[in-house]
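J.: Here you go, entry.txt (compact mmCIF, C-alpha atoms and all ligand atoms):
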```txt
# COMPACT_ATOMS: atom_id res chain seq x y z
CA MET A 1157 24.03 48.21 10.68
CA PRO A 1158 20.56 49.15 11.91
CA GLY A 1159 19.58 47.90 15.34
CA ALA A 1160 23.17 47.42 16.58
CA ALA A 1161 23.41 47.14 20.38
CA THR A 1162 25.83 45.67 22.92
CA VAL A 1163 24.67 42.84 25.11
CA ASP A 1164 26.34 40.54 27.62
CA ALA A 1165 25.89 37.46 25.46
CA VAL A 1166 24.27 36.14 22.33
CA ILE A 1167 23.44 32.46 22.38
CA VAL A 1168 23.30 31.30 18.76
CA GLY A 1169 20.73 28.51 18.38
CA ALA A 1170 17.99 27.82 20.92
CA GLY A 1171 18.00 24.02 20.78
CA ALA A 1172 19.16 21.68 23.53
CA ALA A 1173 22.39 23.55 24.25
CA GLY A 1174 21.11 27.10 23.78
CA LEU A 1175 18.09 26.64 26.02
CA SER A 1176 20.07 24.75 28.66
CA LEU A 1177 22.81 27.38 28.76
CA ALA A 1178 20.30 30.23 29.05
CA ALA A 1179 18.67 28.42 31.99
CA HIS A 1180 22.01 27.88 33.75
CA LEU A 1181 23.22 31.45 33.17
CA ALA A 1182 19.95 32.87 34.49
CA ALA A 1183 19.98 30.56 37.52
CA ALA A 1184 23.58 31.65 38.26
CA GLY A 1185 22.40 35.28 38.21
CA TRP A 1186 24.83 36.15 35.43
CA GLY A 1187 24.24 38.78 32.73
CA ASP A 1188 21.72 41.57 32.28
CA ASP A 1189 21.16 41.26 28.52
CA VAL A 1190 21.30 37.82 26.99
CA LEU A 1191 19.80 37.15 23.57
CA LEU A 1192 18.75 33.72 22.29
CA LEU A 1193 19.02 33.90 18.51
CA ASP A 1194 17.19 31.10 16.69
CA ASP A 1195 15.92 30.61 13.15
CA GLY A 1196 12.90 28.48 14.16
CA ALA A 1197 13.84 25.80 11.62
CA GLN A 1198 13.60 23.00 14.19
CA PRO A 1199 10.31 23.51 16.09
CA LEU A 1200 10.51 22.32 19.69
CA GLU A 1201 7.10 20.65 19.32
CA ASP A 1202 8.84 17.98 17.22
CA ARG A 1203 11.78 17.36 19.57
CA THR A 1204 12.49 15.05 22.51
CA TRP A 1205 15.68 14.39 24.47
CA ALA A 1206 16.54 11.53 26.79
CA TRP A 1207 19.35 11.37 29.37
CA TRP A 1208 20.12 9.88 32.76
CA SER A 1209 21.11 11.65 35.94
CA THR A 1210 20.92 11.38 39.69
CA GLY A 1211 18.35 14.17 39.98
CA GLY A 1212 20.30 17.18 41.20
CA GLY A 1213 20.54 18.91 37.81
CA LEU A 1214 18.86 22.24 37.16
CA LEU A 1215 16.65 20.82 34.41
CA ASP A 1216 16.18 17.31 35.81
CA ARG A 1217 12.74 18.27 37.09
CA ALA A 1218 11.73 19.36 33.59
CA ALA A 1219 11.61 15.69 32.57
CA SER A 1220 8.27 14.62 31.09
CA THR A 1221 9.01 10.96 31.98
CA VAL A 1222 11.23 9.51 34.71
CA ILE A 1223 12.14 5.81 34.60
CA GLY A 1224 13.91 3.73 37.25
CA ALA A 1225 14.87 0.54 35.38
CA ALA A 1226 16.32 -0.48 32.02
CA ASP A 1227 16.06 -3.69 30.02
CA VAL A 1228 19.01 -4.90 27.96
CA ALA A 1229 18.96 -8.06 25.84
CA GLY A 1230 20.64 -10.00 23.08
CA ASP A 1231 20.50 -13.44 21.47
CA GLY A 1232 19.76 -15.87 24.33
CA TRP A 1233 20.02 -13.39 27.18
CA ALA A 1234 17.98 -10.61 28.78
CA ARG A 1235 18.54 -8.51 31.89
CA ARG A 1236 16.68 -5.89 33.88
CA LEU A 1237 18.93 -3.23 35.43
CA PRO A 1238 17.75 -1.14 38.37
CA LEU A 1239 19.22 2.30 37.74
CA ALA A 1240 19.13 4.01 41.17
CA PRO A 1241 20.69 6.38 42.12
CA TYR A 1242 20.25 7.29 38.45
CA ALA A 1243 16.94 7.68 36.63
CA TYR A 1244 16.39 7.69 32.90
CA ARG A 1245 14.62 10.90 31.90
CA VAL A 1246 12.86 12.02 28.74
CA VAL A 1247 11.86 15.63 28.10
CA THR A 1248 9.70 16.87 25.25
CA GLY A 1249 10.64 20.12 23.53
CA PRO A 1250 7.59 22.00 24.92
CA ASP A 1251 8.29 20.78 28.49
CA LEU A 1252 11.92 21.87 28.19
CA ALA A 1253 10.87 25.27 26.83
CA ALA A 1254 8.37 25.73 29.69
CA ALA A 1255 10.97 24.85 32.34
CA VAL A 1256 13.50 27.23 30.78
CA ALA A 1257 10.88 30.01 30.56
CA ARG A 1258 10.22 29.63 34.32
CA LEU A 1259 13.94 30.00 35.06
CA LEU A 1260 14.28 33.05 32.79
CA ALA A 1261 11.13 34.79 34.09
CA PRO A 1262 12.94 36.70 36.91
CA ARG A 1263 15.48 38.06 34.39
CA PRO A 1264 13.68 40.25 31.81
CA GLY A 1265 16.97 41.01 30.03
CA TYR A 1266 17.01 37.44 28.72
CA ARG A 1267 15.14 37.64 25.43
CA ARG A 1268 14.48 35.58 22.34
CA LEU A 1269 15.67 37.06 19.06
CA PRO A 1270 14.11 35.42 16.00
CA GLY A 1271 16.55 35.39 13.11
CA THR A 1272 19.16 33.49 11.19
CA ALA A 1273 22.78 34.00 12.24
CA ARG A 1274 25.02 34.77 9.26
CA SER A 1275 28.47 35.50 10.68
CA LEU A 1276 30.49 36.21 13.81
CA ALA A 1277 33.33 38.74 13.75
CA VAL A 1278 35.64 39.03 16.77
CA ASP A 1279 37.39 42.34 17.44
CA ASP A 1280 39.13 43.96 20.40
CA THR A 1281 35.97 44.78 22.29
CA GLY A 1282 33.71 41.83 21.62
CA VAL A 1283 31.87 40.03 18.85
CA GLN A 1284 29.73 41.39 16.03
CA VAL A 1285 26.88 38.94 15.30
CA ALA A 1286 25.35 39.47 11.87
CA TYR A 1287 21.92 37.95 11.36
CA GLU A 1288 18.87 38.15 9.16
CA ASP A 1289 15.55 38.97 10.81
CA PRO A 1290 12.35 37.05 9.86
CA ASP A 1291 11.58 39.72 7.21
CA GLY A 1292 14.90 39.08 5.52
CA ARG A 1293 16.55 42.33 6.73
CA ALA A 1294 20.25 42.29 7.60
CA ARG A 1295 20.83 43.13 11.26
CA ALA A 1296 23.68 43.02 13.73
CA VAL A 1297 24.18 42.95 17.46
CA ARG A 1298 27.37 43.33 19.50
CA ALA A 1299 28.08 41.01 22.39
CA ARG A 1300 30.78 40.47 24.99
CA TRP A 1301 30.35 36.72 24.66
CA VAL A 1302 28.89 34.45 22.01
CA PHE A 1303 27.85 30.88 22.77
CA ASP A 1304 27.52 29.20 19.43
CA SER A 1305 25.68 25.95 18.68
CA VAL A 1306 25.47 26.71 14.95
CA GLY A 1307 28.77 27.96 13.47
CA PRO A 1308 27.49 30.73 11.15
CA GLY A 1309 30.06 31.55 8.50
CA ALA A 1310 32.58 29.31 10.25
CA PRO A 1311 35.86 29.48 8.30
CA THR A 1312 36.58 25.76 8.69
CA PRO A 1313 33.89 23.32 7.61
CA VAL A 1314 32.84 20.82 10.26
CA PRO A 1315 34.81 17.64 9.54
CA ASP A 1316 32.98 14.52 8.41
CA PRO A 1317 31.87 12.28 11.25
CA GLU A 1318 33.76 9.04 11.90
CA ALA A 1319 30.43 7.22 12.00
CA ARG A 1320 26.77 8.00 12.49
CA LEU A 1321 23.89 6.59 14.47
CA ASP A 1322 21.04 6.05 12.03
CA PHE A 1323 17.66 5.46 13.55
CA LEU A 1324 13.97 5.08 12.83
CA GLY A 1325 11.46 5.40 15.65
CA LEU A 1326 7.84 4.31 15.36
CA HIS A 1327 5.19 5.47 17.82
CA VAL A 1328 2.91 2.45 17.85
CA GLU A 1329 -0.39 1.51 19.48
CA THR A 1330 -1.56 -2.04 20.10
CA ASP A 1331 -4.86 -3.68 21.10
CA ALA A 1332 -3.20 -5.87 23.72
CA ASP A 1333 -1.03 -5.02 26.74
CA VAL A 1334 2.49 -5.68 25.45
CA PHE A 1335 4.61 -2.79 26.73
CA GLU A 1336 5.84 -2.03 30.22
CA PRO A 1337 5.77 1.62 31.27
CA GLY A 1338 8.37 2.42 33.91
CA VAL A 1339 11.09 0.46 32.13
CA VAL A 1340 13.17 1.68 29.20
CA THR A 1341 14.52 -0.85 26.72
CA LEU A 1342 17.98 0.65 26.47
CA MET A 1343 19.67 -1.79 24.09
CA ASP A 1344 18.12 -4.92 22.64
CA PHE A 1345 20.37 -6.58 20.06
CA ARG A 1346 17.63 -9.00 18.94
CA THR A 1347 17.37 -7.37 15.53
CA ALA A 1348 19.25 -8.18 12.31
CA GLN A 1349 22.92 -7.24 12.56
CA ASP A 1350 23.74 -7.30 8.82
CA ASP A 1351 23.95 -3.54 8.45
CA GLY A 1352 26.30 -2.95 11.41
CA VAL A 1353 25.98 -3.06 15.19
CA ALA A 1354 22.23 -2.53 15.62
CA PHE A 1355 19.89 -2.42 18.58
CA VAL A 1356 16.30 -1.57 19.45
CA TYR A 1357 15.40 1.08 22.02
CA ALA A 1358 11.87 1.44 23.39
CA VAL A 1359 10.01 3.67 25.84
CA ALA A 1360 6.38 2.92 26.68
CA ALA A 1361 3.80 5.62 27.38
CA SER A 1362 1.33 2.90 28.46
CA ALA A 1363 0.91 -0.87 28.16
CA ARG A 1364 -0.53 -0.27 24.68
CA SER A 1365 1.58 2.54 23.27
CA ALA A 1366 5.30 3.03 22.90
CA LEU A 1367 8.11 4.56 20.89
CA VAL A 1368 10.08 1.66 19.41
CA GLU A 1369 13.29 2.70 17.68
CA ARG A 1370 15.90 0.75 15.71
CA THR A 1371 19.40 2.23 15.69
CA VAL A 1372 22.49 1.19 13.81
CA TYR A 1373 26.09 2.40 14.10
CA ALA A 1374 26.66 3.13 10.41
CA ALA A 1375 29.78 4.07 8.47
CA PRO A 1376 29.62 7.71 7.23
CA ASP A 1377 29.01 6.60 3.63
CA ALA A 1378 26.71 3.60 4.36
CA PRO A 1379 23.30 3.46 2.62
CA PRO A 1380 20.18 4.01 4.79
CA PRO A 1381 19.44 0.85 6.83
CA PRO A 1382 16.18 -1.10 6.17
CA HIS A 1383 14.71 -0.16 9.56
CA ASP A 1384 11.02 -0.38 8.64
CA GLN A 1385 10.84 -4.08 7.97
CA LEU A 1386 13.21 -4.92 10.82
CA LEU A 1387 11.07 -2.98 13.29
CA GLU A 1388 8.00 -4.86 12.06
CA ASP A 1389 9.91 -8.11 12.71
CA TYR A 1390 10.94 -6.95 16.19
CA LEU A 1391 7.41 -5.92 17.16
CA ARG A 1392 6.03 -9.26 16.03
CA ASP A 1393 8.78 -11.65 17.17
CA VAL A 1394 10.21 -10.01 20.29
CA VAL A 1395 7.46 -7.75 21.67
CA GLY A 1396 4.66 -10.11 20.64
CA ALA A 1397 2.57 -7.28 19.16
CA ARG A 1398 0.61 -9.11 16.46
CA ASP A 1399 -1.50 -6.09 15.47
CA HIS A 1400 -0.27 -2.57 15.81
CA ARG A 1401 -0.90 0.85 14.32
CA ILE A 1402 1.87 3.30 13.53
CA VAL A 1403 0.77 6.65 14.94
CA SER A 1404 3.83 8.61 13.87
CA ARG A 1405 7.43 8.06 12.89
CA GLU A 1406 10.68 9.89 13.43
CA ASP A 1407 13.97 9.14 11.79
CA GLY A 1408 17.32 10.76 12.19
CA SER A 1409 21.03 10.50 12.01
CA ILE A 1410 23.41 11.55 14.79
CA PRO A 1411 26.98 12.28 13.64
CA LEU A 1412 29.58 10.59 15.85
CA ARG A 1413 32.99 12.21 16.31
CA SER A 1414 35.54 11.41 18.94
CA SER A 1415 36.92 14.97 18.93
CA PRO A 1416 35.00 18.27 19.01
CA PRO A 1417 34.46 19.96 15.63
CA ALA A 1418 35.06 23.46 17.04
CA HIS A 1419 37.23 24.99 19.77
CA PRO A 1420 36.76 28.20 21.80
CA MET A 1421 38.11 31.30 20.03
CA GLY A 1422 38.41 34.12 22.58
CA PRO A 1423 34.89 35.33 23.38
CA VAL A 1424 33.24 32.84 20.96
CA LEU A 1425 32.58 29.51 22.64
CA PRO A 1426 31.09 26.52 20.87
CA VAL A 1427 28.34 24.74 22.76
CA GLY A 1428 26.23 21.64 22.13
CA ALA A 1429 27.07 19.31 19.26
CA ARG A 1430 29.60 21.83 17.90
CA ALA A 1431 31.54 21.60 21.13
CA GLY A 1432 31.71 17.80 20.87
CA MET A 1433 28.98 17.18 23.46
CA ILE A 1434 27.62 14.19 21.53
CA LYS A 1435 29.42 11.24 23.09
CA ALA A 1436 30.83 9.24 20.22
CA GLY A 1437 30.23 5.88 21.88
CA THR A 1438 26.53 6.44 22.60
CA GLY A 1439 25.13 9.38 20.61
CA TYR A 1440 23.80 10.92 23.85
CA ALA A 1441 24.55 14.60 24.51
CA PHE A 1442 21.85 16.04 26.74
CA GLY A 1443 23.47 15.09 30.07
CA ARG A 1444 26.85 16.44 28.94
CA ILE A 1445 25.20 19.62 27.67
CA GLN A 1446 23.82 20.14 31.21
CA ARG A 1447 27.28 19.70 32.75
CA HIS A 1448 28.89 21.99 30.17
CA SER A 1449 26.21 24.66 30.70
CA ALA A 1450 26.61 24.48 34.48
CA ALA A 1451 30.40 24.79 34.16
CA ILE A 1452 30.18 27.79 31.79
CA ALA A 1453 27.72 29.54 34.12
CA ALA A 1454 29.90 28.84 37.19
CA ALA A 1455 33.01 30.17 35.41
CA LEU A 1456 31.30 33.36 34.26
CA ALA A 1457 29.70 33.96 37.67
CA ALA A 1458 33.15 33.60 39.26
CA GLY A 1459 34.74 35.96 36.71
CA ARG A 1460 36.78 33.17 35.08
CA TYR A 1461 37.23 32.44 31.38
CA PRO A 1462 34.54 29.86 30.47
CA GLY A 1463 36.41 28.38 27.48
CA ARG A 1464 37.94 25.57 29.52
CA ALA A 1465 34.63 24.35 30.91
CA ALA A 1466 34.01 21.48 28.45
CA PRO A 1467 33.64 18.17 30.32
CA HIS A 1468 36.07 16.26 28.08
CA HIS A 1469 38.23 13.44 29.29
CA ARG A 1470 41.09 12.51 26.99
CA TRP A 1471 41.02 8.83 27.99
CA ALA A 1472 37.26 8.58 27.39
CA ARG A 1473 37.71 10.15 23.94
CA THR A 1474 40.42 7.62 23.13
CA GLN A 1475 38.08 4.81 24.17
CA ASP A 1476 35.24 6.21 22.07
CA ALA A 1477 37.53 6.51 19.03
CA ALA A 1478 38.60 2.89 19.53
CA LEU A 1479 34.98 1.74 19.82
CA LEU A 1480 34.02 3.53 16.58
CA ARG A 1481 37.00 1.95 14.82
CA VAL A 1482 36.02 -1.53 16.01
CA MET A 1483 32.36 -0.90 15.07
CA ARG A 1484 33.58 -0.57 11.48
CA SER A 1485 36.38 -3.11 11.34
CA ASP A 1486 34.86 -5.92 13.44
CA PRO A 1487 31.20 -5.37 14.40
CA ASP A 1488 31.11 -8.75 16.19
CA ALA A 1489 33.93 -7.67 18.51
CA ALA A 1490 32.19 -4.35 19.17
CA ARG A 1491 28.93 -6.15 19.99
CA ALA A 1492 30.77 -8.60 22.26
CA PHE A 1493 32.28 -5.61 24.10
CA LEU A 1494 28.90 -3.94 24.59
CA GLU A 1495 27.17 -7.18 25.58
CA ALA A 1496 29.87 -7.97 28.15
CA MET A 1497 29.50 -4.51 29.63
CA LEU A 1498 25.71 -4.83 29.81
CA THR A 1499 25.56 -8.39 31.17
CA ARG A 1500 28.37 -8.27 33.74
CA ASN A 1501 27.95 -4.90 35.42
CA PRO A 1502 25.31 -3.22 37.60
CA GLY A 1503 23.25 -0.48 35.93
CA PRO A 1504 24.69 2.49 37.88
CA ARG A 1505 28.27 1.41 37.03
CA ILE A 1506 27.39 1.22 33.32
CA LEU A 1507 25.71 4.63 33.34
CA ALA A 1508 28.56 6.25 35.28
CA PHE A 1509 31.06 4.74 32.80
CA LEU A 1510 29.10 6.09 29.82
CA ASP A 1511 28.93 9.45 31.62
CA GLU A 1512 32.75 9.40 32.06
CA ASP A 1513 32.10 9.72 35.77
CA LEU A 1514 33.33 6.38 37.11
CA PRO A 1515 35.85 6.40 40.00
CA PRO A 1516 39.18 4.66 39.16
CA ARG A 1517 38.51 1.56 41.31
CA GLU A 1518 35.08 1.04 39.68
CA HIS A 1519 36.72 1.56 36.29
CA LEU A 1520 39.03 -1.37 36.97
CA ARG A 1521 36.09 -3.50 38.04
CA LEU A 1522 34.32 -2.70 34.78
CA TYR A 1523 37.43 -3.36 32.66
CA ALA A 1524 37.79 -6.76 34.34
CA THR A 1525 34.43 -7.77 32.82
CA LEU A 1526 35.30 -6.80 29.24
CA PRO A 1527 36.85 -8.93 26.45
CA LEU A 1528 39.74 -6.48 26.15
CA PRO A 1529 42.26 -8.73 24.27
CA ARG A 1530 39.75 -9.35 21.46
CA PHE A 1531 38.76 -5.70 21.43
CA GLY A 1532 42.41 -4.63 21.34
CA ARG A 1533 43.18 -6.94 18.41
CA ALA A 1534 40.13 -5.65 16.48
CA CYS A 1535 41.14 -2.06 17.21
CA ALA A 1536 44.73 -2.66 16.04
CA SER A 1537 43.58 -4.34 12.84
CA GLY A 1538 41.09 -1.49 12.23
CA SER A 1539 43.92 1.07 12.64
CA SER A 1540 46.30 -0.72 10.29
CA ARG A 1541 43.56 -1.15 7.67
CA ARG A 1542 42.79 2.55 7.92
CA SER A 1543 46.41 3.63 7.61
CA ARG A 1544 46.91 1.35 4.57
C1 LIG A 1601 17.21 13.24 15.81
C2 LIG A 1601 18.13 13.34 16.98
C3 LIG A 1601 17.72 12.88 18.23
C4 LIG A 1601 18.57 13.00 19.33
N1 LIG A 1601 18.14 12.54 20.55
C5 LIG A 1601 18.95 12.64 21.61
C6 LIG A 1601 18.53 12.21 22.90
O1 LIG A 1601 17.42 11.70 23.07
N2 LIG A 1601 19.38 12.35 23.95
C7 LIG A 1601 20.60 12.92 23.81
O2 LIG A 1601 21.33 13.04 24.80
N3 LIG A 1601 21.03 13.33 22.60
C8 LIG A 1601 20.25 13.22 21.51
N4 LIG A 1601 20.67 13.68 20.29
C9 LIG A 1601 22.01 14.27 20.20
C10 LIG A 1601 22.04 15.75 20.70
O3 LIG A 1601 21.59 15.82 22.04
C11 LIG A 1601 21.14 16.63 19.88
O4 LIG A 1601 21.64 16.71 18.58
C12 LIG A 1601 21.05 18.06 20.48
O5 LIG A 1601 19.89 18.65 19.99
C13 LIG A 1601 22.26 18.89 20.20
O6 LIG A 1601 22.03 20.16 20.75
P1 LIG A 1601 22.49 21.51 20.00
O7 LIG A 1601 21.96 22.62 20.82
O8 LIG A 1601 23.92 21.42 19.69
O9 LIG A 1601 21.73 21.49 18.60
P2 LIG A 1601 20.19 21.70 18.34
O10 LIG A 1601 19.40 21.17 19.47
O11 LIG A 1601 19.94 21.13 17.00
O12 LIG A 1601 20.00 23.28 18.31
C14 LIG A 1601 20.45 24.09 17.27
C15 LIG A 1601 19.42 25.22 17.06
O13 LIG A 1601 19.98 26.21 16.21
C16 LIG A 1601 19.02 26.59 15.25
N5 LIG A 1601 19.78 27.10 14.09
C17 LIG A 1601 20.40 26.41 13.12
N6 LIG A 1601 21.02 27.25 12.27
C18 LIG A 1601 20.79 28.51 12.73
C19 LIG A 1601 21.19 29.81 12.30
N7 LIG A 1601 21.99 30.02 11.22
N8 LIG A 1601 20.76 30.89 13.02
C20 LIG A 1601 19.98 30.72 14.12
N9 LIG A 1601 19.59 29.51 14.56
C21 LIG A 1601 19.99 28.42 13.88
C22 LIG A 1601 18.24 25.32 14.98
O14 LIG A 1601 16.98 25.61 14.39
C23 LIG A 1601 18.14 24.75 16.40
O15 LIG A 1601 17.02 25.28 17.09
C24 LIG A 1601 19.84 13.58 19.18
C25 LIG A 1601 20.25 14.01 17.92
C26 LIG A 1601 19.42 13.90 16.84
C27 LIG A 1601 19.90 14.37 15.50
```
Would you write the structure of this file as C-alpha cells?

T.:
Amino acid sequence: MPGAATVDAVIVGAGAAGLSLAAHLAAAGWGDDVLLLDDGAQPLEDRTWAWWSTGGGLLDRAASTVIGAADVAGDGWARRLPLAPYAYRVVTGPDLAAAVARLLAPRPGYRRLPGTARSLAVDDTGVQVAYEDPDGRARAVRARWVFDSVGPGAPTPVPDPEARLDFLGLHVETDADVFEPGVVTLMDFRTAQDDGVAFVYAVAASARSALVERTVYAAPDAPPPPHDQLLEDYLRDVVGARDHRIVSREDGSIPLRSSPPAHPMGPVLPVGARAGMIKAGTGYAFGRIQRHSAAIAAALAAGRYPGRAAPHHRWARTQDAALLRVMRSDPDAARAFLEAMLTRNPGPRILAFLDEDLPPREHLRLYATLPLPRFGRACASGSSRRSR
C-alpha cells in the first residue's frame, strides 16, 4: 500500500469521542504520532453537545454556555433545581475544535488525516488501517493502537437499539421577553404523551431567542413523532410565545442500548457511541466520553492496557435496561418514575445518579423517593410480554 507508516495510534472518527480522546492523550503527554482520521461527513459547524460536570474536566472550560440551574415540570407541577456543584454546559462544534487544537498545539505529531476508514486488520505487531483519501485513492497506515468510533468493516453489525430518542429542535426568536437565559429546561412533560414518554428541553441564548426541543423515547420501529405541531403548542401554551420565528431546525435520533455494541479487541478499542457511552436512560454521552477518554489516557501513560477503562457499572446498565423496558410496556409508570425522581430529590443528587456517580447512602435516599413497586411490576410485565 502506498503511504504506509507506523504510528502510535490512529483515532478513527474525529467527532465527540475522537476529539476528546486526542485532547486527553495529548494532555497526558502520551504518543509521538497520533492520527485523527475523519471523513468530514459530519461538519463540526453543525454540531453541539451538552453535559453536566463539576468543572474539573479537561474540556469543561471549552463550554460555550455554562448554566447553574435547571427547570423541570409536568402536569400541575414545576420546580427549579440549583445544580451546584454541577453546572450544565453546552459546547458548539467549533468551540470544541478550538479547545482541542489548543491542547494539541504543543504536540506536532498529532495530525488530522482526511479520509474514510475502510477496514482494520489486527496482526502480531499492530493494526493495519485501510482508508480512502479525499481523492478516492486506497491508502493504509499501521498503528500500535486504534481507537475506533466508527467500526469500519466491522465483522458483526451493530445490533438494533432497544429504543431511540427522537427529537426536533427549533431555534426560535420572539418579539417579547419569554425565555430565561441562565436556566436550562431539562425536562418539561407538558407536551402530548400519546407517542411515548415525551418531554421538552430548552436552552435560551437571550430572553428572545432559544433552542426549544421536543424529545420522545420511541420504540425502534415507531413512526416519526409529530413534533412540529406539538412544539408550536408548547411555545404558545406553556412558554407564552404568541409570535415567533423559526430561525433554524435540527432533528435527530439517538439510538439507546443498555449494553455496548462493540468490545475491545486487543489493540483496537471502541470509543464513543460504539463503546456504549450513550447512557440508555438519558441519551447523554459527552460526560461519559470525557471520563472514558481520561481513563484511556491515564492507562496508556502508566503503561497499562487501556481496554478496561470504560466507565460502565453493571447495576446502572441493569437499571437503564429496566427503564427502557418500562418506557415501552407502561409509559405512565416510566413517567411516574422520572417525575418522582425530579420532584423529590435535589438537583446534584439527580445529576450524580444519572452520571452513575452517586455514593451508596445517597443512592438509598434517592430510591426511597421512587415508586419502585409500580416500576417493578411494569418491568416484570414488560419482560414477560417480551419473552412471550
Ligand atoms: C443529533 C444528536 C445530538 C446529540 N446531542 C448530545 C448532547 O447534547 N449531549 C450528549 O451527551 N450526547 C449527545 N448525543 C449523543 C452522543 O454524545 C453523540 O452521538 C456523540 O457525537 C457520539 O460521539 P462519537 O464520537 O461516538 O460519534 P460522532 O460524534 O458522530 O463522531 C464520529 C465521527 O466519525 C466520522 N466518520 C464516520 N464514518 C467514518 C469513516 N468510515 N471514516 C472516517 N470517519 C468517519 C463522522 O463523520 C464523525 O465525525 C447526541 C446524538 C445525536 C445523534

J.: Considering only C-alpha atoms and all ligand atoms, can you say which of A:Arg1298, A:Arg1517, A:Arg1320, A:Arg1484 comes closest to ligand LIG 1601 (chain A)?

T.: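 Counting only C-alpha atoms and all ligand atoms, the residue closest to ligand LIG 1601 (chain A) is A:Arg1320.
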
J.: Give the residues close to ligand LIG 1601 (chain A), within 8 Å, counting all atoms listed in the file; write them as a PDB file with C-alpha atoms, in the frame of the given file.

T.:
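Output (selection_14.pdb):
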```
ATOM      1  CA  VAL A1168      23.300  31.300  18.760  1.00  0.00           C
ATOM      2  CA  GLY A1169      20.730  28.510  18.380  1.00  0.00           C
ATOM      3  CA  ALA A1170      17.990  27.820  20.920  1.00  0.00           C
ATOM      4  CA  GLY A1171      18.000  24.020  20.780  1.00  0.00           C
ATOM      5  CA  ALA A1172      19.160  21.680  23.530  1.00  0.00           C
ATOM      6  CA  ALA A1173      22.390  23.550  24.250  1.00  0.00           C
ATOM      7  CA  GLY A1174      21.110  27.100  23.780  1.00  0.00           C
ATOM      8  CA  LEU A1175      18.090  26.640  26.020  1.00  0.00           C
ATOM      9  CA  LEU A1193      19.020  33.900  18.510  1.00  0.00           C
ATOM     10  CA  ASP A1194      17.190  31.100  16.690  1.00  0.00           C
ATOM     11  CA  ASP A1195      15.920  30.610  13.150  1.00  0.00           C
ATOM     12  CA  GLY A1196      12.900  28.480  14.160  1.00  0.00           C
ATOM     13  CA  ALA A1197      13.840  25.800  11.620  1.00  0.00           C
ATOM     14  CA  GLN A1198      13.600  23.000  14.190  1.00  0.00           C
ATOM     15  CA  PRO A1199      10.310  23.510  16.090  1.00  0.00           C
ATOM     16  CA  LEU A1200      10.510  22.320  19.690  1.00  0.00           C
ATOM     17  CA  ARG A1203      11.780  17.360  19.570  1.00  0.00           C
ATOM     18  CA  THR A1204      12.490  15.050  22.510  1.00  0.00           C
ATOM     19  CA  TRP A1205      15.680  14.390  24.470  1.00  0.00           C
ATOM     20  CA  ALA A1206      16.540  11.530  26.790  1.00  0.00           C
ATOM     21  CA  TRP A1207      19.350  11.370  29.370  1.00  0.00           C
ATOM     22  CA  VAL A1246      12.860  12.020  28.740  1.00  0.00           C
ATOM     23  CA  PRO A1270      14.110  35.420  16.000  1.00  0.00           C
ATOM     24  CA  GLY A1271      16.550  35.390  13.110  1.00  0.00           C
ATOM     25  CA  THR A1272      19.160  33.490  11.190  1.00  0.00           C
ATOM     26  CA  ALA A1273      22.780  34.000  12.240  1.00  0.00           C
ATOM     27  CA  ARG A1274      25.020  34.770   9.260  1.00  0.00           C
ATOM     28  CA  TYR A1287      21.920  37.950  11.360  1.00  0.00           C
ATOM     29  CA  SER A1305      25.680  25.950  18.680  1.00  0.00           C
ATOM     30  CA  VAL A1306      25.470  26.710  14.950  1.00  0.00           C
ATOM     31  CA  GLY A1307      28.770  27.960  13.470  1.00  0.00           C
ATOM     32  CA  PRO A1308      27.490  30.730  11.150  1.00  0.00           C
ATOM     33  CA  GLU A1406      10.680   9.890  13.430  1.00  0.00           C
ATOM     34  CA  ASP A1407      13.970   9.140  11.790  1.00  0.00           C
ATOM     35  CA  GLY A1408      17.320  10.760  12.190  1.00  0.00           C
ATOM     36  CA  SER A1409      21.030  10.500  12.010  1.00  0.00           C
ATOM     37  CA  ILE A1410      23.410  11.550  14.790  1.00  0.00           C
ATOM     38  CA  PRO A1411      26.980  12.280  13.640  1.00  0.00           C
ATOM     39  CA  VAL A1427      28.340  24.740  22.760  1.00  0.00           C
ATOM     40  CA  GLY A1428      26.230  21.640  22.130  1.00  0.00           C
ATOM     41  CA  ALA A1429      27.070  19.310  19.260  1.00  0.00           C
ATOM     42  CA  ARG A1430      29.600  21.830  17.900  1.00  0.00           C
ATOM     43  CA  ALA A1431      31.540  21.600  21.130  1.00  0.00           C
ATOM     44  CA  MET A1433      28.980  17.180  23.460  1.00  0.00           C
ATOM     45  CA  ILE A1434      27.620  14.190  21.530  1.00  0.00           C
ATOM     46  CA  GLY A1439      25.130   9.380  20.610  1.00  0.00           C
ATOM     47  CA  TYR A1440      23.800  10.920  23.850  1.00  0.00           C
ATOM     48  CA  ALA A1441      24.550  14.600  24.510  1.00  0.00           C
ATOM     49  CA  PHE A1442      21.850  16.040  26.740  1.00  0.00           C
ATOM     50  CA  GLY A1443      23.470  15.090  30.070  1.00  0.00           C
ATOM     51  CA  ARG A1444      26.850  16.440  28.940  1.00  0.00           C
ATOM     52  CA  ILE A1445      25.200  19.620  27.670  1.00  0.00           C
TER      53      ILE A1445
END
```

J.: Under the rule that only C-alpha atoms are counted, which of A:Ala1534, A:Pro1379, A:Arg1370, A:Val1283 is the nearest residue to A:Trp1301?

T.: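 Nearest candidate to A:Trp1301 out of A:Ala1534, A:Pro1379, A:Arg1370, A:Val1283: A:Val1283.
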
J.: Can you write out as a tab-separated table which residues of stretch 1308-1420 of chain A fall within 8 Å of stretch 1213-1226 of chain A, alongside each residue's closest atom pair and its distance in Å to one decimal, counting all atoms listed in the file and ordering rows by chain and ascending residue number?

T.:
```
residue	atom	partner	partner_atom	distance
A:Gly1338	CA	A:Ile1223	CA	5.1
A:Val1339	CA	A:Ala1225	CA	5.0
A:Val1340	CA	A:Ala1226	CA	4.7
A:Thr1341	CA	A:Ala1226	CA	5.6
A:Leu1342	CA	A:Ala1226	CA	5.9
```

J.: Would you mind exporting C-alpha atoms of the selected residues as a compact mmCIF listing (two decimals), in the frame of the given file?

T.:
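That gives us result35.txt:
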```txt
# COMPACT_ATOMS: atom_id res chain seq x y z
CA GLY A 1338 8.37 2.42 33.91
CA VAL A 1339 11.09 0.46 32.13
CA VAL A 1340 13.17 1.68 29.20
CA THR A 1341 14.52 -0.85 26.72
CA LEU A 1342 17.98 0.65 26.47
```

J.: Using all atoms of stretch 1522-1540 of chain A listed in the file and a margin of 4 Å per side, can you give the axis-aligned box centre and edge lengths in Å to one decimal, as lines of an AutoDock Vina configuration file?

T.:
```
center_x = 40.3
center_y = -4.1
center_z = 22.5
size_x = 20.0
size_y = 18.4
size_z = 32.5
```
